[in-house]
$ cat start_18.txt   # compact mmCIF, C-alpha atoms and all ligand atoms
# COMPACT_ATOMS: atom_id res chain seq x y z
CA MET D 1 5.05 11.29 4.97
CA GLU D 2 1.98 10.27 2.99
CA ILE D 3 2.02 6.72 1.68
CA PRO D 4 0.47 6.72 -1.83
CA PHE D 5 -0.18 2.97 -2.28
CA ARG D 6 -2.51 0.35 -0.89
CA ILE D 7 -1.25 -0.91 2.43
CA SER D 8 -3.10 -3.26 4.78
CA ILE D 9 -1.96 -3.93 8.33
CA PHE D 10 -3.24 -6.89 10.34
CA GLU D 11 -2.89 -7.60 14.02
CA GLU D 12 -1.97 -11.22 13.48
CA TYR D 13 0.48 -12.57 10.91
CA CYS D 14 -1.90 -15.34 9.83
CA ARG D 15 -4.50 -12.73 8.82
CA ALA D 16 -1.83 -11.07 6.66
CA GLU D 17 -1.11 -14.44 5.05
CA GLU D 18 -4.82 -14.98 4.45
CA ALA D 19 -5.25 -11.53 2.89
CA THR D 20 -2.30 -12.24 0.59
CA ALA D 21 -3.83 -15.54 -0.48
CA GLN D 22 -7.13 -13.72 -1.13
CA GLN D 23 -5.42 -11.39 -3.60
CA ILE D 24 -4.14 -14.37 -5.55
CA LEU D 25 -7.59 -15.99 -5.52
CA GLU D 26 -9.14 -12.75 -6.79
CA GLN D 27 -6.58 -12.59 -9.59
CA VAL D 28 -7.26 -16.17 -10.69
CA LYS D 29 -11.02 -15.67 -10.55
CA GLN D 30 -10.68 -12.59 -12.75
CA LYS D 31 -8.29 -14.24 -15.19
CA ARG D 32 -8.24 -18.03 -15.13
CA ASN D 33 -5.10 -18.32 -17.25
CA SER D 34 -3.06 -15.88 -15.16
CA VAL D 35 0.71 -16.04 -14.98
CA ILE D 36 1.60 -15.94 -11.29
CA GLY D 37 5.09 -15.31 -9.95
CA LEU D 38 5.83 -17.33 -6.82
CA ALA D 39 8.31 -16.54 -4.06
CA THR D 40 9.81 -18.84 -1.46
CA GLY D 41 10.75 -18.30 2.18
CA ARG D 42 9.13 -18.77 5.56
CA THR D 43 6.62 -15.95 5.04
CA MET D 44 5.08 -17.70 2.05
CA ARG D 45 4.31 -20.98 3.75
CA GLY D 46 1.11 -19.78 5.41
CA VAL D 47 0.02 -18.10 2.18
CA TYR D 48 0.38 -21.38 0.29
CA ARG D 49 -1.48 -23.26 3.04
CA PHE D 50 -4.47 -20.92 2.65
CA LEU D 51 -4.41 -21.33 -1.12
CA ILE D 52 -4.29 -25.12 -0.92
CA ASP D 53 -7.26 -25.13 1.48
CA GLU D 54 -9.28 -22.79 -0.73
CA GLU D 55 -8.54 -24.85 -3.82
CA LYS D 56 -9.88 -27.96 -2.06
CA LYS D 57 -13.26 -26.19 -1.98
CA GLU D 58 -12.98 -25.41 -5.67
CA PRO D 59 -10.67 -27.94 -7.35
CA GLY D 60 -9.56 -26.82 -10.78
CA LEU D 61 -9.32 -23.19 -9.72
CA PHE D 62 -5.68 -23.10 -10.82
CA LYS D 63 -5.92 -25.51 -13.72
CA ASP D 64 -5.23 -22.84 -16.35
CA VAL D 65 -2.62 -20.95 -14.31
CA THR D 66 1.05 -20.79 -15.27
CA PHE D 67 3.31 -20.44 -12.25
CA VAL D 68 6.76 -18.92 -12.60
CA GLN D 69 9.67 -18.74 -10.20
CA LEU D 70 11.01 -15.49 -8.76
CA ASP D 71 14.49 -16.71 -7.90
CA GLU D 72 16.66 -19.75 -7.37
CA ILE D 73 19.87 -20.69 -5.59
CA ILE D 74 22.70 -22.00 -7.73
CA LEU D 75 23.50 -25.19 -5.87
CA LYS D 76 23.94 -28.46 -7.68
CA THR D 77 23.82 -30.88 -4.78
CA VAL D 78 20.19 -31.93 -5.11
CA GLY D 79 18.29 -33.25 -8.11
CA GLU D 80 16.57 -29.91 -8.73
CA GLY D 81 16.78 -26.28 -7.65
CA ILE D 82 16.04 -25.84 -3.92
CA PHE D 83 13.39 -23.18 -4.48
CA SER D 84 11.67 -24.93 -7.37
CA LYS D 85 11.49 -28.10 -5.24
CA GLU D 86 10.06 -26.07 -2.34
CA LEU D 87 7.40 -24.49 -4.54
CA ARG D 88 6.39 -27.82 -6.04
CA GLU D 89 6.28 -29.66 -2.74
CA LEU D 90 4.71 -26.99 -0.56
CA PHE D 91 2.24 -25.64 -3.05
CA ILE D 92 1.69 -26.44 -6.67
CA GLU D 93 1.75 -30.21 -6.49
CA ARG D 94 -0.78 -30.08 -3.67
CA LEU D 95 -3.38 -28.47 -5.90
CA GLU D 96 -6.03 -31.15 -6.38
CA GLY D 97 -7.22 -29.78 -9.70
CA GLY D 98 -3.69 -29.23 -11.02
CA TYR D 99 -2.21 -26.29 -12.91
CA GLU D 100 -1.29 -25.46 -16.49
CA ALA D 101 2.49 -25.09 -16.19
CA PHE D 102 5.37 -24.30 -13.87
CA LEU D 103 8.29 -22.44 -15.45
CA SER D 104 11.35 -23.07 -13.33
CA ILE D 105 14.95 -21.94 -13.37
CA ASN D 106 17.35 -24.73 -14.33
CA VAL D 107 20.55 -24.62 -12.30
CA PHE D 108 21.94 -27.78 -13.87
CA VAL D 109 23.21 -26.11 -17.03
CA GLU D 110 26.78 -25.02 -17.77
CA ASP D 111 25.99 -21.46 -18.72
CA MET D 112 23.98 -19.75 -15.97
CA VAL D 113 24.12 -16.35 -17.66
CA LYS D 114 22.42 -17.86 -20.70
CA GLU D 115 19.91 -19.70 -18.49
CA ALA D 116 18.93 -16.40 -16.82
CA ALA D 117 18.29 -14.77 -20.21
CA GLU D 118 16.39 -17.80 -21.50
CA TYR D 119 14.29 -18.07 -18.36
CA LEU D 120 13.16 -14.47 -18.72
CA LYS D 121 12.32 -15.13 -22.36
CA LYS D 122 10.13 -18.07 -21.30
CA VAL D 123 8.30 -15.88 -18.78
CA LEU D 124 7.69 -13.21 -21.41
CA ASN D 125 6.59 -15.78 -23.99
CA ALA D 126 4.02 -17.01 -21.46
CA GLY D 127 2.57 -13.47 -21.59
CA GLY D 128 4.50 -11.83 -18.75
CA ILE D 129 3.60 -11.88 -15.08
CA ASP D 130 0.03 -10.93 -14.13
CA LEU D 131 0.66 -11.07 -10.40
CA GLN D 132 4.01 -11.31 -8.64
CA LEU D 133 3.98 -12.45 -5.04
CA LEU D 134 6.88 -11.02 -3.05
CA GLY D 135 8.45 -11.24 0.35
CA ILE D 136 11.18 -8.92 1.56
CA GLY D 137 14.59 -9.72 2.98
CA VAL D 138 15.68 -8.25 6.32
CA ASN D 139 18.08 -6.12 4.25
CA GLY D 140 15.36 -4.96 1.83
CA HIS D 141 16.05 -7.46 -0.93
CA ILE D 142 13.30 -8.64 -3.27
CA GLY D 143 13.90 -11.99 -4.89
CA TYR D 144 17.70 -12.08 -4.87
CA ASN D 145 18.00 -8.43 -5.80
CA GLU D 146 20.26 -7.51 -2.94
CA PRO D 147 21.11 -3.93 -1.90
CA GLY D 148 23.07 -2.40 -4.79
CA SER D 149 20.65 -3.79 -7.40
CA GLU D 150 19.62 -1.17 -9.95
CA ARG D 151 16.02 -0.33 -10.78
CA GLN D 152 16.76 -1.33 -14.39
CA SER D 153 18.22 -4.71 -13.43
CA SER D 154 16.99 -7.72 -15.38
CA CYS D 155 16.98 -11.48 -14.83
CA ARG D 156 20.56 -12.45 -14.03
CA VAL D 157 23.07 -14.34 -11.95
CA ALA D 158 23.38 -12.43 -8.67
CA SER D 159 25.70 -12.56 -5.66
CA LEU D 160 23.99 -13.00 -2.32
CA ALA D 161 24.61 -10.73 0.66
CA PRO D 162 26.48 -12.46 3.51
CA THR D 163 23.47 -11.87 5.78
CA THR D 164 21.19 -13.63 3.27
CA ILE D 165 23.58 -16.57 3.03
CA GLU D 166 23.64 -16.87 6.80
CA ARG D 167 19.88 -16.51 7.24
CA ASP D 168 19.09 -19.00 4.47
CA GLY D 169 21.75 -21.44 5.76
CA LEU D 170 23.64 -21.52 2.43
CA PRO D 171 27.32 -22.26 1.71
CA ILE D 172 29.57 -19.18 1.82
CA GLY D 173 29.81 -17.47 -1.58
CA SER D 174 26.47 -18.85 -2.80
CA MET D 175 24.98 -17.20 -5.87
CA GLY D 176 21.47 -17.09 -7.20
CA ILE D 177 19.47 -16.40 -10.34
CA THR D 178 16.76 -13.82 -9.86
CA LEU D 179 14.24 -11.89 -11.87
CA GLY D 180 15.55 -8.33 -11.84
CA VAL D 181 13.92 -5.30 -10.24
CA GLU D 182 12.77 -4.16 -13.68
CA ASP D 183 11.23 -7.57 -14.46
CA ILE D 184 9.36 -7.48 -11.14
CA LEU D 185 8.14 -3.93 -11.84
CA ASN D 186 6.89 -5.12 -15.24
CA SER D 187 4.38 -7.41 -13.49
CA LYS D 188 0.84 -6.13 -13.91
CA LYS D 189 0.20 -6.48 -10.20
CA ILE D 190 2.50 -6.96 -7.21
CA VAL D 191 1.53 -8.27 -3.78
CA LEU D 192 4.21 -7.90 -1.12
CA ILE D 193 3.82 -9.49 2.29
CA ALA D 194 6.04 -8.90 5.31
CA THR D 195 5.45 -10.30 8.79
CA GLY D 196 7.38 -10.25 12.05
CA ASN D 197 9.67 -7.85 13.88
CA SER D 198 12.72 -8.82 11.86
CA LYS D 199 11.18 -7.14 8.80
CA ALA D 200 10.20 -3.85 10.50
CA SER D 201 13.34 -1.94 9.60
CA ALA D 202 13.41 -3.18 5.98
CA VAL D 203 9.72 -2.26 5.61
CA ARG D 204 10.36 1.22 6.97
CA GLN D 205 13.29 1.80 4.64
CA ALA D 206 11.34 0.46 1.64
CA LEU D 207 8.24 2.56 2.25
CA LYS D 208 9.54 5.71 3.86
CA SER D 209 12.82 6.55 2.20
CA THR D 210 13.52 7.87 -1.29
CA PRO D 211 13.77 4.88 -3.66
CA SER D 212 17.40 3.85 -4.04
CA VAL D 213 19.63 0.83 -4.60
CA GLU D 214 20.19 0.63 -0.85
CA SER D 215 16.73 -0.88 -0.54
CA PRO D 216 15.67 -2.67 -3.75
CA ALA D 217 12.16 -3.00 -2.27
CA SER D 218 11.94 0.80 -2.22
CA PHE D 219 11.63 0.79 -6.04
CA LEU D 220 8.27 -0.94 -5.70
CA VAL D 221 6.44 2.04 -4.26
CA ASN D 222 6.03 3.66 -7.67
CA HIS D 223 4.38 0.60 -9.19
CA LYS D 224 0.85 1.46 -10.36
CA CYS D 225 -0.79 -1.65 -8.90
CA ILE D 226 0.89 -2.80 -5.72
CA SER D 227 -0.67 -4.09 -2.57
CA ILE D 228 1.45 -4.21 0.58
CA ILE D 229 0.29 -6.52 3.35
CA LEU D 230 1.86 -6.36 6.80
CA ASP D 231 1.28 -7.62 10.28
CA ASN D 232 1.55 -5.25 13.26
CA GLN D 233 5.12 -6.28 13.95
CA ALA D 234 6.41 -5.65 10.41
CA ALA D 235 4.55 -2.31 10.43
CA SER D 236 5.85 -1.29 13.86
CA MET D 237 8.42 1.21 12.57
CA LEU D 238 6.17 3.00 10.06
C1 LIG D 301 14.69 -15.09 0.55
C2 LIG D 301 14.17 -15.18 -0.91
C3 LIG D 301 13.08 -14.20 -1.17
C4 LIG D 301 12.19 -14.13 0.07
C5 LIG D 301 12.94 -13.45 1.17
C6 LIG D 301 12.26 -13.49 2.52
O1 LIG D 301 16.06 -15.12 0.64
N1 LIG D 301 15.18 -15.05 -1.90
O2 LIG D 301 12.36 -14.57 -2.32
O3 LIG D 301 11.04 -13.40 -0.21
O4 LIG D 301 14.27 -13.90 1.24
O5 LIG D 301 12.34 -14.77 3.10
P1 LIG D 301 11.62 -15.12 4.46
O6 LIG D 301 10.17 -15.10 4.20
O7 LIG D 301 12.11 -16.51 4.81
O8 LIG D 301 12.03 -14.11 5.47
$ encode --input "start_18.txt" --output "structure tokens" --more "lines below"
Ligand code: GLP
Amino acid sequence: MEIPFRISIFEEYCRAEEATAQQILEQVKQKRNSVIGLATGRTMRGVYRFLIDEEKKEPGLFKDVTFVQLDEIILKTVGEGIFSKELRELFIERLEGGYEAFLSINVFVEDMVKEAAEYLKKVLNAGGIDLQLLGIGVNGHIGYNEPGSERQSSCRVASLAPTTIERDGLPIGSMGITLGVEDILNSKKIVLIATGNSKASAVRQALKSTPSVESPASFLVNHKCISIILDNQAASML
């Protein structure tokens, strides 16, 4: 089957991380006040390390950038959302020259349904997402759009798949708030990175099967500006 989008495959995972970081740097150099959607997870850590190192050479590179959050876990045991804390601590607060704003999902409100709608409004008021960085779950999820999520889904409270809960070490029955598939597809550009053997099957299903709710990531392939970055292991079943 012919693959109609831009796909780059690297021998080593760290080269895939570097190439992903490069796409973000290019975006920011082209549009200083970009709105960038950030994802969490193990895959992103190397990407953020590259970005922090590059920013040291050019402090202030991100000073006009607004960062927004892709998803969050609804868990009220810490002083702030787990993912927003992770993004601040691993990336945005390490930027020497700072950043314009970080729009985060607030899980300390009574009405989560309202928070999801208001969060999306904030993202749209900021101008919408110029570049959305994405990982992929082993089951093909993007953000917390688990299998079963519709292409038209919007920012909402979402149930997590048992496998996600187990992999992320969360309490049974955990829920999240996530930008929907439609919101992600509304980003002007999408960069998806997948590394490691555990992602090979999800990558294959996303890229080689007819788009369907079984693999939310499969809806991405029709986006007009998507870059898919893999290492050899994640690409091994293509
Ligand atoms: C997590 C997050 C996603 C992330 C994905 C992959 O559960 N909700 O935003 O992209 O799953 O995570 P990892 O890179 O740790 O495999």
$ axis_aligned_box --input "start_18.txt" --around "ligand LIG 301 (chain D)" --padding-each-side "5 Å" --output "AutoDock Vina command-line options"
--center_x 13.1 --center_y -15.0 --center_z 1.6 --size_x 15.9 --size_y 13.1 --size_z 17.8
$ residues_around --input "start_18.txt" --residues "segment 225-236 of chain D" --least-positions-apart "5" --cutoff "7 Å" --atoms "all atoms listed in the file" --output "mmCIF file with C-alpha atoms, in the frame of the given file"
data_model
loop_
_atom_site.group_PDB
_atom_site.id
_atom_site.type_symbol
_atom_site.label_atom_id
_atom_site.label_comp_id
_atom_site.auth_asym_id
_atom_site.auth_seq_id
_atom_site.Cartn_x
_atom_site.Cartn_y
_atom_site.Cartn_z
ATOM 1 C CA PHE D 5 -0.180 2.970 -2.280
ATOM 2 C CA ARG D 6 -2.510 0.350 -0.890
ATOM 3 C CA ILE D 7 -1.250 -0.910 2.430
ATOM 4 C CA SER D 8 -3.100 -3.260 4.780
ATOM 5 C CA ILE D 9 -1.960 -3.930 8.330
ATOM 6 C CA PHE D 10 -3.240 -6.890 10.340
ATOM 7 C CA GLU D 11 -2.890 -7.600 14.020
ATOM 8 C CA GLU D 12 -1.970 -11.220 13.480
ATOM 9 C CA TYR D 13 0.480 -12.570 10.910
ATOM 10 C CA ALA D 16 -1.830 -11.070 6.660
ATOM 11 C CA THR D 20 -2.300 -12.240 0.590
ATOM 12 C CA LYS D 188 0.840 -6.130 -13.910
ATOM 13 C CA LYS D 189 0.200 -6.480 -10.200
ATOM 14 C CA ILE D 190 2.500 -6.960 -7.210
ATOM 15 C CA VAL D 191 1.530 -8.270 -3.780
ATOM 16 C CA LEU D 192 4.210 -7.900 -1.120
ATOM 17 C CA ILE D 193 3.820 -9.490 2.290
ATOM 18 C CA ALA D 194 6.040 -8.900 5.310
ATOM 19 C CA THR D 195 5.450 -10.300 8.790
ATOM 20 C CA GLY D 196 7.380 -10.250 12.050
ATOM 21 C CA ASN D 197 9.670 -7.850 13.880
ATOM 22 C CA LYS D 199 11.180 -7.140 8.800
ATOM 23 C CA ALA D 200 10.200 -3.850 10.500
ATOM 24 C CA VAL D 203 9.720 -2.260 5.610
#
$ residues_around --input "start_18.txt" --residues "Ile92 of chain D" --least-positions-apart "3" --cutoff "9 Å" --atoms "only C-alpha atoms" --output "PDB file with C-alpha atoms, in the coordinates of the input"
ATOM      1  CA  TYR D  48       0.380 -21.380   0.290  1.00  0.00           C
ATOM      2  CA  ILE D  52      -4.290 -25.120  -0.920  1.00  0.00           C
ATOM      3  CA  PHE D  67       3.310 -20.440 -12.250  1.00  0.00           C
ATOM      4  CA  LEU D  87       7.400 -24.490  -4.540  1.00  0.00           C
ATOM      5  CA  ARG D  88       6.390 -27.820  -6.040  1.00  0.00           C
ATOM      6  CA  GLU D  89       6.280 -29.660  -2.740  1.00  0.00           C
ATOM      7  CA  LEU D  95      -3.380 -28.470  -5.900  1.00  0.00           C
ATOM      8  CA  GLY D  98      -3.690 -29.230 -11.020  1.00  0.00           C
ATOM      9  CA  TYR D  99      -2.210 -26.290 -12.910  1.00  0.00           C
ATOM     10  CA  PHE D 102       5.370 -24.300 -13.870  1.00  0.00           C
TER      11      PHE D 102
END
$ closest_residue --input "start_18.txt" --among "D:Ala21, D:Val138, D:Leu103, D:Leu207" --to "Glu55 of chain D" --atoms "all atoms listed in the file"
D:Ala21
$ residues_near_ligand --input "start_18.txt" --ligand "ligand LIG 301 (chain D)" --cutoff "10 Å" --atoms "all atoms listed in the file" --output "PyMOL selection string"
chain D and resi 38-45+69-73+83+133-146+160-161+163-169+176-178+192-196+198-199
$ residues_around --input "start_18.txt" --residues "segment 116-118 of chain D" --least-positions-apart "6" --cutoff "9 Å" --atoms "only C-alpha atoms" --output "list in words"
Ile105, Asn106, Ser154, Cys155, Arg156, Val157, Ile177, Thr178 and Leu179 of chain D
$ write_last_selection --input "start_18.txt" --atoms "C-alpha atoms" --output "PDB file, keeping the file's coordinate frame"
ATOM      1  CA  ILE D 105      14.950 -21.940 -13.370  1.00  0.00           C
ATOM      2  CA  ASN D 106      17.350 -24.730 -14.330  1.00  0.00           C
ATOM      3  CA  SER D 154      16.990  -7.720 -15.380  1.00  0.00           C
ATOM      4  CA  CYS D 155      16.980 -11.480 -14.830  1.00  0.00           C
ATOM      5  CA  ARG D 156      20.560 -12.450 -14.030  1.00  0.00           C
ATOM      6  CA  VAL D 157      23.070 -14.340 -11.950  1.00  0.00           C
ATOM      7  CA  ILE D 177      19.470 -16.400 -10.340  1.00  0.00           C
ATOM      8  CA  THR D 178      16.760 -13.820  -9.860  1.00  0.00           C
ATOM      9  CA  LEU D 179      14.240 -11.890 -11.870  1.00  0.00           C
TER      10      LEU D 179
END
$ closest_residue --input "start_18.txt" --among "D:Ser159, D:Arg204, D:Val78, D:Leu51" --to "Glu96 of chain D" --atoms "only C-alpha atoms"
D:Leu51
$ atom_distance --input "start_18.txt" --atom1 "atom CA of His223 of chain D" --atom2 "atom CA of Gln27 of chain D"
17.2 Å
$ atom_distance --input "start_18.txt" --atom1 "atom CA of Gly97 of chain D" --atom2 "atom CA of Lys63 of chain D"
6.0 Å
$ closest_residue --input "start_18.txt" --among "D:Leu90, D:Val181, D:Ala217, D:Leu25" --to "Gly46 of chain D" --atoms "all atoms listed in the file"
D:Leu90
$ closest_residue --input "start_18.txt" --among "D:Asp130, D:Glu54, D:Ala101, D:Lys121" --to "Lys31 of chain D" --atoms "only C-alpha atoms"
D:Asp130
$ atom_distance --input "start_18.txt" --atom1 "atom CA of Gln22 of chain D" --atom2 "atom CA of Pro211 of chain D"
28.1 Å
$ closest_residue --input "start_18.txt" --among "D:Val213, D:Met175, D:Ile129, D:Leu61" --to "Lys76 of chain D" --atoms "only C-alpha atoms"
D:Met175
$ closest_residue --input "start_18.txt" --among "D:Asp64, D:Glu182, D:Glu17, D:Asp111" --to "Ile36 of chain D" --atoms "all atoms listed in the file"
D:Asp64
$ residues_around --input "start_18.txt" --residues "Ala206 of chain D" --least-positions-apart "4" --cutoff "9 Å" --atoms "only C-alpha atoms" --output "tab-separated table (two decimals) with C-alpha atoms, in the coordinates of the input"
chain	number	residue	atom	x	y	z
D	140	GLY	CA	15.36	-4.96	1.83
D	201	SER	CA	13.34	-1.94	9.60
D	202	ALA	CA	13.41	-3.18	5.98
D	210	THR	CA	13.52	7.87	-1.29
D	211	PRO	CA	13.77	4.88	-3.66
D	212	SER	CA	17.40	3.85	-4.04
D	215	SER	CA	16.73	-0.88	-0.54
D	216	PRO	CA	15.67	-2.67	-3.75
D	217	ALA	CA	12.16	-3.00	-2.27
D	218	SER	CA	11.94	0.80	-2.22
D	219	PHE	CA	11.63	0.79	-6.04
D	220	LEU	CA	8.27	-0.94	-5.70
D	221	VAL	CA	6.44	2.04	-4.26
